[in-house]
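Engineer: Have a look at the structure that comes next, please.
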Amino acid sequence: MDKDLKSKTLIEIQSIIAGFGGKGYLAKYIYSFIHQHNTNDINLITTLPKEFRAKLSNDGFYISNLKIVEKLSDPDGTVKYLFETADGQQIESVLLDENGRKTICVSTQVGCRLGCRFCATGYLKFARNLTAGEIADQVITISADSGCKINNIVYMGMGEPLDNYENTIKAVRILADPAGKNIGIRRQTISTVGLPDGIKKLANENIYPRLAVSLHAPDDELRTQIVPVANKYPLYELLAAMKHYNQKTDRRITIEYCMMEGVNDDPDLARKLIQLLRGLHASVNLIEYNPHPGANFKPADRDRIKMFKDILMQAGIETIIRFRRGTSIKAACGQLGADRIKKAKI
Ligand code: SF4
């Protein structure tokens with residue numbers, strides 16, 4: 001059994017404490033010290049009787065702790081954190097400020113197996129999945145370090161969240177608990193490159209986080225060039241899974257479409273996208289591509305992005321444009337890990 005208390009839900013901690021003969025309310029003390037006060041030492045949970053602190057420690061329980069290795073700030077308010085895990089792995093997370101609302105973009109894996117062509121993380125070797133505690137800790141530590149109240153979480157950093165399904169959904173539950181960070185399910189977004197089985201599984205949970213799906217192209221041929229995993233999961237299968245999520249959860253899905261010059265920015269592709277999305281309850285985010293040293297793509301021209309948006313809007317599809325942010329510190333979407341690709345090439 002994993003003995004990291006940061007990876008446990010409140011119910012799991014209650015059951016551990018009950019196993020030591022303690023009352024359920026003691027679990028809340030532990031949970032709030034870990035999640036609200038960023039405590040990483042069982043002995044510092046002073047509201048927990050000494051007897052229980054000793055029992056937990058003697059039984060091998062501990063509280064994991066991500067170390068901040070580096071922190072970079074962009075003039076637009078974006079802050080990128082480089083963390084080191086206990087086994088020396090490095091991951092990145094981003095704190096975004098949108099008109100005072102704070103969002104943290106968290107990583108779910110060290111590296112990524114899916115190798116999307118436009119994404120810096122996809123060029124890094126996959127090392128391992130992050131634990132639920134390591135995913136949650138990015139939020140706990142950034143919130144403590146910045147002193148900010150965190151409004152939203154997006155599982156959109158390094159890694160594919162649905163490829164680390166169990167730990168990601170557990171982190172969603174842990175962070176949503178009112179006894180801890182209390183970041184509601186509707187303020188947490190799982191962003192996937194589009195794994196149909198994972199989307200269907202998510203639809204069967206008893207909690208429904210927001211779902212964002214990275215499409216990037218309206219047909220299989222083009223999509224496969226950008227997102228190689230599309231070879232395995234054709235669009236008809238992905239669309240069926242998204243419609244199932246719509247029906248089961250009554251939630252609208254966000255379609256992410258990263259715009260690259262001469263690749264997927266042709267107005268005809270916007271018309272194709274309209275056909276594809278027919279019957280799906282979805283809105284579209286057009287993301288200005290963020291270049292990185294590993295790939296040769298360029299951002300689409302801003303006027304072309306606006307034209308793409310207008311075509312979608314005229315068809316009644318709610319569409320917003322996300323222009324680049326945090327680029328001076330390589331904290332923008334698709335750029336996480338870019339510094340390490342650069343160093344590897346030197
Ligand atoms: Fe992995 Fe997401 Fe990057 Fe694709 S976009 S390589 S799924 S981190």
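Following the order of the structure tokens, chains are lettered A, B, ..., residues in each are numbered from 1, and ligands are numbered from 1.
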Taking the chain letters and numbering used in this document, name the residues of region 227-270 of chain A that DSSP puts in alpha helix (DSSP H), as a list of chain:residue names.
Structural biologist: A:Leu235, A:Tyr236, A:Glu237, A:Leu238, A:Leu239, A:Ala240, A:Ala241, A:Met242, A:Lys243, A:His244, A:Tyr245, A:Asn246, A:Gln247, A:Lys248, A:Thr249, A:Pro267, A:Asp268, A:Leu269, A:Ala270
Engineer: Give the residues close to ligand 1, within 10 Å, counting only C-alpha atoms and all ligand atoms; write them as a short mmCIF file (atom, residue, chain, number, x, y, z; two decimals) with C-alpha atoms, in the first residue's frame.
Structural biologist:
data_model
loop_
_atom_site.label_atom_id
_atom_site.label_comp_id
_atom_site.auth_asym_id
_atom_site.auth_seq_id
_atom_site.Cartn_x
_atom_site.Cartn_y
_atom_site.Cartn_z
CA SER A 107 1.28 17.87 -14.96
CA THR A 108 0.09 14.27 -14.62
CA GLN A 109 3.13 12.36 -15.93
CA VAL A 110 6.90 12.73 -16.16
CA GLY A 111 7.24 13.10 -19.94
CA CYS A 112 4.52 11.69 -22.20
CA ARG A 113 4.03 8.56 -24.27
CA LEU A 114 1.93 10.15 -27.00
CA GLY A 115 4.48 12.22 -28.90
CA CYS A 116 2.25 14.95 -30.37
CA ARG A 117 4.33 16.68 -33.02
CA PHE A 118 3.67 20.24 -31.89
CA CYS A 119 4.26 19.67 -28.17
CA ALA A 120 7.62 19.97 -26.41
CA THR A 121 6.66 17.39 -23.75
CA GLY A 122 6.02 14.87 -26.52
CA TYR A 123 9.73 15.05 -27.40
CA LEU A 124 10.78 14.08 -23.87
CA PHE A 126 8.28 9.11 -20.75
CA TYR A 155 -4.90 18.98 -16.12
CA MET A 156 -3.08 20.18 -19.19
CA GLY A 157 0.60 20.28 -18.20
CA MET A 158 3.10 17.55 -18.99
CA GLY A 159 1.54 14.19 -19.79
CA GLU A 160 -1.82 12.82 -20.90
CA PRO A 161 -4.17 12.75 -17.89
CA LEU A 162 -6.30 9.88 -19.22
CA ASP A 163 -3.15 7.80 -19.68
CA SER A 191 -7.68 18.11 -21.00
CA THR A 192 -7.07 15.06 -23.17
CA VAL A 193 -5.64 14.51 -26.59
CA GLY A 194 -8.65 12.24 -27.12
CA LEU A 195 -8.51 8.73 -25.66
CA SER A 214 -7.55 18.47 -28.28
CA ILE A 226 -0.20 16.28 -35.72
CA VAL A 227 -1.38 13.78 -33.10
CA PRO A 228 0.04 10.32 -33.89
CA VAL A 229 -2.31 8.56 -31.44
CA CYS A 333 0.55 25.52 -23.95
CA GLY A 334 2.75 22.88 -25.61
CA GLN A 335 6.02 24.41 -24.38
CA LEU A 336 6.52 22.57 -21.09
CA GLY A 337 9.83 20.75 -21.05
#
Engineer: Do you have the CA of Leu239 (chain A)-CA of Glu166 (chain A) distance handy?
Structural biologist: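 CA of Glu166 (chain A) lies 22.8 Å from CA of Leu239 (chain A).
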Engineer: Need to verify the contact set: Asp197 (chain A), 10 Å, only C-alpha atoms, exclusion of same-chain residues closer than 5 positions in sequence. Can you return it as a VMD selection string?
Structural biologist: chain A and resid 162 202 to 203 233 237 to 238 241
Engineer: I need the chosen residues saved as a PDB file, in the first residue's frame, with C-alpha atoms.
Structural biologist:
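Result written to result-v7.pdb:
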ATOM      1  CA  LEU A 162      -6.302   9.884 -19.217  1.00  0.00           C
ATOM      2  CA  LEU A 202     -14.899   9.324 -17.021  1.00  0.00           C
ATOM      3  CA  ALA A 203     -18.582   9.484 -18.010  1.00  0.00           C
ATOM      4  CA  TYR A 233      -8.353   6.212 -32.378  1.00  0.00           C
ATOM      5  CA  GLU A 237     -14.639   6.657 -32.286  1.00  0.00           C
ATOM      6  CA  LEU A 238     -13.573   9.828 -30.479  1.00  0.00           C
ATOM      7  CA  ALA A 241     -17.098   8.868 -26.836  1.00  0.00           C
TER       8      ALA A 241
END
Engineer: Residues within 12 Å of Gly88 (chain A), please, as JSON, numbers by chain. Count only C-alpha atoms; anything in the same chain fewer than 6 positions from it doesn't count.
Structural biologist: {"A": [65, 66, 67, 68, 69, 82, 110, 127, 128]}
Engineer: As a PyMOL selection string, please: every residue in region 108-209 of chain A that a backbone DSSP assignment puts in strand (DSSP E or B).
Structural biologist: chain A and resi 109-110+128-129+152-155+188-192
Engineer: Taking a cut-off of 7 Å and counting only C-alpha atoms, can you build a table that, for each residue of region 208-257 of chain A near region 280-295 of chain A, reports the nearest atom pair and how far apart they are in Å (one decimal), sorted by chain then residue number, as a Markdown table?
Structural biologist:
| residue | atom | partner | partner_atom | distance |
| --- | --- | --- | --- | --- |
| A:Lys243 | CA | A:Leu280 | CA | 6.0 |
| A:Asn246 | CA | A:His281 | CA | 6.5 |
| A:Arg252 | CA | A:Ala282 | CA | 5.1 |
| A:Ile253 | CA | A:Ala282 | CA | 4.6 |
| A:Thr254 | CA | A:Ser283 | CA | 5.0 |
| A:Ile255 | CA | A:Val284 | CA | 4.7 |
| A:Glu256 | CA | A:Asn285 | CA | 5.0 |
| A:Tyr257 | CA | A:Leu286 | CA | 5.0 |
Engineer: Emit the selected residues as a short mmCIF file (atom, residue, chain, number, x, y, z; two decimals), in the first residue's frame, including C-alpha atoms.
Structural biologist:
data_model
loop_
_atom_site.label_atom_id
_atom_site.label_comp_id
_atom_site.auth_asym_id
_atom_site.auth_seq_id
_atom_site.Cartn_x
_atom_site.Cartn_y
_atom_site.Cartn_z
CA LYS A 243 -21.32 12.35 -27.41
CA ASN A 246 -22.39 14.84 -23.32
CA ARG A 252 -20.56 20.82 -22.74
CA ILE A 253 -17.12 19.79 -24.00
CA THR A 254 -14.38 22.23 -25.00
CA ILE A 255 -12.66 21.46 -28.28
CA GLU A 256 -9.02 22.64 -28.32
CA TYR A 257 -7.66 23.55 -31.74
#
